[in-house]
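What follows is a single structure, written as structure tokens, with notes after it.
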Amino acid sequence: MNPAPHVAVRNLSVTVRAPDGSPLRIVDDVSFTIQRGEVMALIGESGSGKTTIALSLLGYARSGAKISGAITVGKASFGGAGQATLAAQRGNRITYVAQSAAAAFNPSRRVIEQVIEPALIHGTASAAEARKHSMALFEALALPNPETIGSRYPHELSGGQLQRLMAAMALITRPDLVIFDEPTTALDVTTQVEVLQAFRKVVREQGATGVYVSHDLAVVAQMADQILVLNRGKVREQNSVKAVLETPSDDYTQTLLAAAQPVIKAAVPTVAPTAVGAAPLLSIEGIHAGYGAIDRNGCAAHPVLTDVSLHIGRGAAVGVIGESGSGKSTVARVVAGLLAPTAGTVSLDGEPLAASLNRRTREQLRRIQIVFQNADIALNPAHSVGEILGRVLRFYHGSSSHQARQRIAELLDLIRLPAGIADRRCDELSGGQKQRVNLARALAANPDVILCDEVTSALDTVVREAILELLAELRRDLGVAYLFISHDIATVKALCDEIVVLYKGTRVESGLRDSYAAPPFHPYTDLLISSVPELRTDWLSSVGPQASARFAHMHESAALCRFVPRCPVAVAGRCDVTPPPHRAMTAGNTVLCHRTESELTGS
Amino acid sequence: MSSTRLFRAVARLPLSGKIGLVLVIFWIVIAAIGPFIAPYPPGSFSNQEVFSESSSEFWLGSDYLGRDVLSRLLSGARFTVGLSAVAVAIAASIGTGFALMAAVGPHWVDELLSRAMDTLISIPSKIFALVLVAAFGSSLILLTVIIAITYVPGNFRIARSLAVGLARLDYVEVARARGEGRLHLALVEVLPNMIRPLCADIGLRFVFIVLLLSGLSFLGLGLQPPDADLGSLVRENTSGLAEGALAIIAPAVAIASLTVGVNLLIDAATQGKAR
Amino acid sequence: MSAASPASRWRGPLQLVAKRIGLAFVTLGLVSAVIFTISGLLPGDAAQELLGQGATPEQIAALRSEMGLDRPALVRYFGWLRGIVIGDPGKSLVANMPVADIISERLPNTLVLAGLTTLFAVPIAFLVGIWSAVTRGHAADRALNIMTLAMVALPEFLVATIAVLVFSVKLLWLPSITIVPQDPTLVEFLRAYAMPVMVLGVGVIAQLGRMIRAAIIAELDRPYVEMAVLKGVSQPRLIFRHVLPNAVGPIVNAMALSLSYLFGGAIIVETIFSYPGLASLMVNAVTSRDMPLLQACAMLFCATYLFLVLIADTVAILANPRLRQG
């Protein structure tokens, strides 16, 4: 016996007005069904229409969009005359978990008021009942202090906590359908695991039916039963999670799967660490840096980096990895001279560089170039591509306009863009094209080292893979070195020979890429690696609950290992008393930890 | 090429914007050619009757001394439009120049300029203008300078917040890291991206300046006889108010049509961009 | 944070408010220096001015020392500032009586005018602002937009002229000059103030209404509003429970700004309606170059403005949980 589907979408299309006034279909004839208690994932890159579809299940379209087609959720249907409409069910039978909870909570109201508001305005429970129910949900979502956490304001809570509180808000009315819209995308990878575990537990306990919108196949593999692959508003493939991951039938799905596990094809010889005695191309020694006023001891009011050292050989690629707040971008700003360190030196070919920009020579500046994450704000919208590149050529090489034009054509060819693009303004380019131009501007200087600050983070998976490929080729062909900063360990592993792990501004581990394949790791590196979702359905279960930290009550201290409050293997009497040593492991990596190699291998 | 783009931009304006544009162009033309098309010399007592009605000889009637209102209005518009335009140009150049210095200069420059401008902005502009007029008098040039100075702080505040926001963007950081000088950062990287939003502010400030200038002249503290702007025309004919004379209504409506026109145009132009 | 005792809960915001108060005083001090510099130091000699061209150098010198003009600038400034602070800003050059007396006679009149205008204009401005924000882009909003856009651009004397023509000349309802009789009845009172309040109110309604609309719309574009809509929150609840609490800061600031705009308007309106207030007094002071009177009036207006901004800042701090908790 086959019961009527709980959610049925037939021939859904969503149309918006293009800038020139013509109608543009951003969702094109999409149909699917969801059985009660199942989670359906909508997956695709930006512009695939996945969020638009999810919102239309709430009978909601962002400004100017028009929905057509038939949607039924439980007893409600879209635009259905005489029966409950989807819009009337918003927040009651159909609920929504937004991408960034930090922005989606009202900053001036206490969290609990907002969590129980749907129950109150739809009359599904009394205030007292709703409060009680919310506490049970907080408990189930593994939130700390379930009784009191609600009395806080959003700005007092972390992103991961807010995201879970938003799930509680979505479940407070015991809805027929919960829509999760990229709920973990804005979170750090280590926080993502906790939130995913909480979500999965609560969805299963409540037997909720869900739609899970994401760009990340590995995340979806943990959360969903069915997957709908979308590309430019069209359905490319629809199947069970297992089938999509193991036997994808559509070529676009295959591309997505391949891009999710980046493997660089351009063969790059691993550059051995610079021989002892010879000065590396770029070396950073004992850098302390921060923002705000500098006190008498030479410490910044908001210190960011503490005693960070790293070395980059000629033509080498060194990755710096860490979560938000780890200070990884500050490293690049210090090297580029944009931020003067409070202590320590940066040297180029063994020659110390001045701390501030205006005391470095133009030649020194030329040899180190920086590329920022977001090409939308890294390229001046007032100038054409040719002007942007030409300025660099004139500034560093004194090129004549004829020479510059020739060189610009070469540069565009190098980054695989047509020469005609030189006359275009940056706002007419796609995201991937902009990031290529962003790189070309650095290349125009003929630098020895390029500081890449999260250059692939804002890009869709498929475009990201192409940019990584380009970076590897440029390194092979031009011998340029990279300081590659990222929060994504898979990306760093794909491109770099050597990896440095930063935690709260301290270097907790450094070593060659291969040493990150198996323990011993620093406990934080271990957490970071084990937190990256894998493309298999049982990954989340295999991670298990995160081991609890023994010193969770401790405040992080600059004098001790900063990871102590989160560390599952911290030792009483050592980690909470003395600063940890840098230990060399046999695999060649160095770890900042009290634990010995054998202890770290076993953990 | 650019003229067809301009034409298309105009065609896309909503009706209110087109009305505004027509009014603005009308007043620019009048300011340019007004005195040449005036039927009578503005100072001549051409009519026996004072506060006469509109007639074929005197389209807007005569004023309290029997002078032709239309002729006086045509020459007064030149003062109102011209003086305000010069004053707004001075105010915007100084305000925006300071704003750029604050955005790309050392921190103390920003602190100093912001502190100074915050002080000046806490003197309401009409009060400030009155104090300046009392101290320096109101010759044509002084009046222009006084009005310009009065509106520097307002322009600075807007331009500074734009410039400081832009100077934090990555493309300015990249140029800084490249080793570019402050002048390049200010003029090549920051300024071009400020111009569009600044145009709206300059337009608004032009409206304020027209109103301030007319207000001062209306109080007898602005332009001094024999020169007369539109505000002076309203003032000198206040005795005709009880009769509802054209001589007082015409210049007042003229000012309003100029300021409302500019406002409609700016509003339509900025909205078209925002949506 | 949430577990903090009541006393320490208020320490953060109180410190912040105290800082604002300190800053307001510093600014007022700087303002006084600017006003004194412009009006007291730079231009020609007040004694020369007062005595005219025919005066002998001896006469001028005598008057100069009598007025204290021969003392160094800094001494004169601090003497003047002390006078302002203790409420005795010197003697009027023209009326030959203490400035404090003249002002204390005129000030209540302007306060009544400003107070009535506020009572009349602010509720209407809220109505206009909220209404056009919730109907954003629709006919009502567009019509209100054009209306307020025109209203902010109208010179006060045009509005006053039209009002006089309609209500005094044609309809004979209201007097064209504002004379408030001794012990007025309510009707007399309202008749006297109707026109100046109306004329002043036009600008305030338009300006404040537009700023309130902008403040609400800025909030409407934030993600938490979409979230509230997706929770099924009704339109009135969305505006009053979700949006307005977040827009309090910009709205109170807008109110402070438009009330200070009121002073500028009062200069014209008091003159047109021959209303004996502070603003028309200041115009007279300019015409007669009565510097002590002018300086005192200017300082009073600036102090009021700074006070209004300070109140607005304090309200904004207390309304924002992030600032409230320091």
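Following the order of the structure tokens, first chain is A, next is B, and so on, with residues numbered from 1 inside each chain and ligands from 1 in the order they appear.
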
Considering only C-alpha atoms, give me a table of residues in chain B that are at most 7 Å from chain C, with the closest atom pair and distance in Å for each, as a tab-separated table.
```
residue	atom	partner	partner_atom	distance
B:Thr119	CA	C:Thr27	CA	5.6
B:Leu120	CA	C:Val31	CA	7.0
B:Ser122	CA	C:Cys302	CA	6.3
B:Ile123	CA	C:Cys302	CA	5.3
B:Pro124	CA	C:Cys302	CA	6.9
B:Lys126	CA	C:Gly264	CA	5.5
B:Ile127	CA	C:Ala298	CA	6.3
B:Leu130	CA	C:Val286	CA	6.7
B:Val131	CA	C:Ser39	CA	6.6
B:Leu132	CA	C:Ile38	CA	6.8
B:Ala134	CA	C:Val286	CA	4.9
B:Ala135	CA	C:Ser39	CA	5.2
B:Phe136	CA	C:Pro43	CA	6.4
B:Val207	CA	C:Ala153	CA	6.8
B:Leu211	CA	C:Pro155	CA	5.9
B:Ala242	CA	C:Val169	CA	6.1
B:Gly244	CA	C:Leu165	CA	6.2
B:Ala252	CA	C:Leu158	CA	5.4
B:Ala256	CA	C:Leu154	CA	5.2
B:Thr259	CA	C:Ala153	CA	5.3
B:Val260	CA	C:Ala150	CA	5.1
B:Asn263	CA	C:Leu149	CA	6.5
B:Leu264	CA	C:Leu149	CA	6.9
```

Residues of chain A that have any atom at most 10 Å from an atom of chain C: could you tabulate them with the shortest-distance atom pair and the distance in Å to one decimal, using only C-alpha atoms, ordered by chain and increasing number, as CSV?
```
residue,atom,partner,partner_atom,distance
A:Leu55,CA,C:Leu230,CA,8.8
A:Leu58,CA,C:Leu230,CA,7.3
A:Gly59,CA,C:Leu230,CA,9.3
A:Tyr60,CA,C:Leu230,CA,7.8
A:Arg62,CA,C:Glu226,CA,9.1
A:Ala87,CA,C:Gly232,CA,7.7
A:Ala88,CA,C:Gly232,CA,7.2
A:Gln89,CA,C:Gly232,CA,7.4
A:Arg90,CA,C:Gly232,CA,4.9
A:Gly91,CA,C:Lys231,CA,3.7
A:Asn92,CA,C:Lys231,CA,7.3
A:Ile94,CA,C:Lys231,CA,8.8
A:Thr95,CA,C:Lys231,CA,6.8
A:Tyr96,CA,C:Leu230,CA,6.8
A:Val97,CA,C:Met227,CA,8.4
A:Ala98,CA,C:Met227,CA,7.2
A:Gln99,CA,C:Pro223,CA,9.7
A:Ser100,CA,C:Pro223,CA,8.5
A:Ala101,CA,C:Tyr224,CA,8.6
A:Ala102,CA,C:Tyr224,CA,9.0
A:Ala103,CA,C:Pro223,CA,5.8
A:Ala104,CA,C:Tyr224,CA,3.9
A:Phe105,CA,C:Tyr224,CA,5.3
A:Asn106,CA,C:Tyr224,CA,5.4
A:Pro107,CA,C:Asn246,CA,7.5
A:Ser108,CA,C:Pro321,CA,5.9
A:Arg109,CA,C:His242,CA,8.1
A:Arg110,CA,C:Pro321,CA,9.2
A:Gln114,CA,C:Ala228,CA,9.0
A:Glu117,CA,C:Lys231,CA,8.2
A:Pro118,CA,C:Lys231,CA,6.0
A:Ala119,CA,C:Lys231,CA,9.6
A:Ile121,CA,C:Val233,CA,7.1
A:His122,CA,C:Gly232,CA,8.0
A:Thr148,CA,C:Ser2,CA,9.1
A:Ile149,CA,C:Ser2,CA,9.4
A:Ser151,CA,C:Ser2,CA,7.6
A:Arg152,CA,C:Ser2,CA,6.6
A:Tyr153,CA,C:Pro321,CA,7.3
A:Pro154,CA,C:Arg322,CA,9.2
A:His155,CA,C:Arg322,CA,6.9
A:Glu156,CA,C:Met1,CA,8.3
A:Met169,CA,C:Lys231,CA,9.0
A:Ala170,CA,C:Lys231,CA,8.3
```

Can those selected residues be exported to a file as a short mmCIF file (atom, residue, chain, number, x, y, z; two decimals), in the first residue's frame so that it contains N, CA and C atoms?
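The resulting part-v5.cif:
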```
data_model
loop_
_atom_site.label_atom_id
_atom_site.label_comp_id
_atom_site.auth_asym_id
_atom_site.auth_seq_id
_atom_site.Cartn_x
_atom_site.Cartn_y
_atom_site.Cartn_z
N LEU A 55 11.60 28.10 -0.32
CA LEU A 55 10.72 29.18 0.14
C LEU A 55 9.33 29.06 -0.47
N LEU A 58 6.75 27.40 1.44
CA LEU A 58 6.09 28.22 2.46
C LEU A 58 5.13 29.20 1.82
N GLY A 59 4.93 29.06 0.51
CA GLY A 59 4.08 30.01 -0.20
C GLY A 59 4.71 31.38 -0.25
N TYR A 60 6.03 31.44 -0.19
CA TYR A 60 6.73 32.71 -0.09
C TYR A 60 7.67 32.89 -1.27
N ARG A 62 10.55 35.79 -2.78
CA ARG A 62 11.22 37.06 -2.52
C ARG A 62 10.77 38.08 -3.54
N ALA A 87 0.67 29.83 2.73
CA ALA A 87 1.08 31.04 3.44
C ALA A 87 0.47 31.07 4.84
N ALA A 88 -0.76 30.57 4.96
CA ALA A 88 -1.42 30.59 6.27
C ALA A 88 -0.78 29.58 7.23
N GLN A 89 -0.02 28.65 6.69
CA GLN A 89 0.58 27.61 7.52
C GLN A 89 2.00 27.97 7.97
N ARG A 90 2.51 29.08 7.44
CA ARG A 90 3.87 29.50 7.79
C ARG A 90 4.07 29.60 9.29
N GLY A 91 5.14 29.00 9.74
CA GLY A 91 5.47 29.12 11.15
C GLY A 91 4.63 28.23 12.03
N ASN A 92 3.62 27.58 11.45
CA ASN A 92 2.75 26.72 12.22
C ASN A 92 2.94 25.27 11.75
N ILE A 94 4.23 24.54 8.67
CA ILE A 94 5.45 24.51 7.87
C ILE A 94 6.41 25.54 8.46
N THR A 95 7.60 25.12 8.82
CA THR A 95 8.52 26.05 9.49
C THR A 95 9.87 26.08 8.79
N TYR A 96 10.67 27.06 9.17
CA TYR A 96 11.86 27.41 8.40
C TYR A 96 13.05 27.66 9.32
N VAL A 97 14.19 27.09 8.96
CA VAL A 97 15.43 27.37 9.67
C VAL A 97 16.35 28.10 8.69
N ALA A 98 16.68 29.36 9.00
CA ALA A 98 17.40 30.20 8.04
C ALA A 98 18.90 29.94 8.07
N GLN A 99 19.56 30.42 7.01
CA GLN A 99 20.99 30.16 6.86
C GLN A 99 21.82 30.76 7.99
N SER A 100 21.64 32.06 8.20
CA SER A 100 22.45 32.68 9.24
C SER A 100 21.57 33.05 10.42
N ALA A 101 21.60 32.22 11.46
CA ALA A 101 20.76 32.49 12.62
C ALA A 101 21.16 33.79 13.27
N ALA A 102 22.45 34.12 13.18
CA ALA A 102 22.92 35.35 13.81
C ALA A 102 22.19 36.56 13.25
N ALA A 103 21.83 36.51 11.94
CA ALA A 103 21.12 37.63 11.34
C ALA A 103 19.61 37.44 11.43
N ALA A 104 19.16 36.19 11.55
CA ALA A 104 17.73 35.93 11.48
C ALA A 104 17.03 36.06 12.83
N PHE A 105 17.80 36.18 13.90
CA PHE A 105 17.17 36.48 15.19
C PHE A 105 17.08 37.99 15.34
N ASN A 106 15.97 38.44 15.90
CA ASN A 106 15.78 39.87 16.14
C ASN A 106 16.73 40.31 17.26
N PRO A 107 17.64 41.25 16.97
CA PRO A 107 18.67 41.58 17.96
C PRO A 107 18.14 42.23 19.23
N SER A 108 16.93 42.78 19.21
CA SER A 108 16.49 43.52 20.39
C SER A 108 15.50 42.73 21.25
N ARG A 109 15.28 41.45 20.94
CA ARG A 109 14.35 40.69 21.76
C ARG A 109 15.06 39.45 22.32
N ARG A 110 14.64 39.05 23.51
CA ARG A 110 15.24 37.86 24.12
C ARG A 110 14.93 36.63 23.27
N GLN A 114 11.35 34.82 21.09
CA GLN A 114 11.31 34.55 19.66
C GLN A 114 11.08 33.07 19.39
N GLU A 117 7.40 32.34 20.05
CA GLU A 117 6.45 33.20 19.35
C GLU A 117 5.55 32.45 18.36
N PRO A 118 6.10 31.52 17.55
CA PRO A 118 5.21 30.82 16.61
C PRO A 118 4.07 30.09 17.33
N ALA A 119 4.38 29.44 18.45
CA ALA A 119 3.34 28.72 19.18
C ALA A 119 2.27 29.68 19.69
N ILE A 121 1.51 32.91 18.49
CA ILE A 121 0.68 33.60 17.49
C ILE A 121 -0.22 32.62 16.74
N HIS A 122 0.17 31.35 16.67
CA HIS A 122 -0.71 30.39 16.00
C HIS A 122 -1.58 29.64 16.99
N THR A 148 18.06 28.45 31.26
CA THR A 148 18.31 29.89 31.29
C THR A 148 18.78 30.46 29.96
N ILE A 149 19.14 29.61 29.04
CA ILE A 149 19.75 30.14 27.80
C ILE A 149 18.79 31.06 27.05
N SER A 151 16.86 33.31 28.14
CA SER A 151 16.71 34.69 28.62
C SER A 151 17.83 35.59 28.09
N ARG A 152 18.66 35.03 27.24
CA ARG A 152 19.73 35.85 26.68
C ARG A 152 19.29 36.55 25.41
N TYR A 153 20.10 37.55 25.04
CA TYR A 153 19.89 38.21 23.76
C TYR A 153 20.77 37.55 22.71
N PRO A 154 20.37 37.61 21.44
CA PRO A 154 21.14 36.92 20.40
C PRO A 154 22.63 37.25 20.41
N HIS A 155 23.00 38.51 20.68
CA HIS A 155 24.42 38.84 20.57
C HIS A 155 25.25 38.19 21.67
N GLU A 156 24.59 37.60 22.67
CA GLU A 156 25.34 36.95 23.75
C GLU A 156 25.64 35.48 23.45
N MET A 169 12.98 26.78 17.51
CA MET A 169 11.87 27.66 17.11
C MET A 169 11.06 27.00 15.99
N ALA A 170 11.75 26.30 15.10
CA ALA A 170 11.04 25.68 13.97
C ALA A 170 10.24 24.47 14.43
#
```

Residues of chain B no more than 8 Å from chain A, counting only C-alpha atoms: send them over as a PyMOL selection string. chain B and resi 169-174+176-179+189+192-193

For CA of Thr209 in chain A and CA of Arg25 in chain A, the interatomic separation in Å (one decimal): 27.8 Å

As JSON, numbers by chain, please: all residues of range 467-520 of chain A that backbone DSSP puts in strand (DSSP E). {"A": [481, 482, 483, 484, 485, 486, 498, 499, 500, 501, 502, 503, 506, 507, 508, 509, 510, 511, 512]}

Give me, as an MDAnalysis selection string, all polymer residues having an atom no more than 9 Å from Ile499 in chain A, counting only C-alpha atoms and skipping those fewer than 4 positions away in the same chain. chainID A and resid 317:321 492:493 509:513 516

Considering only C-alpha atoms, return as a count of residues only whatever protein or nucleic-acid residues lie within 6 Å of range 91-101 of chain B, sequence-local ones (same chain, fewer than 4 positions apart) excluded. 9
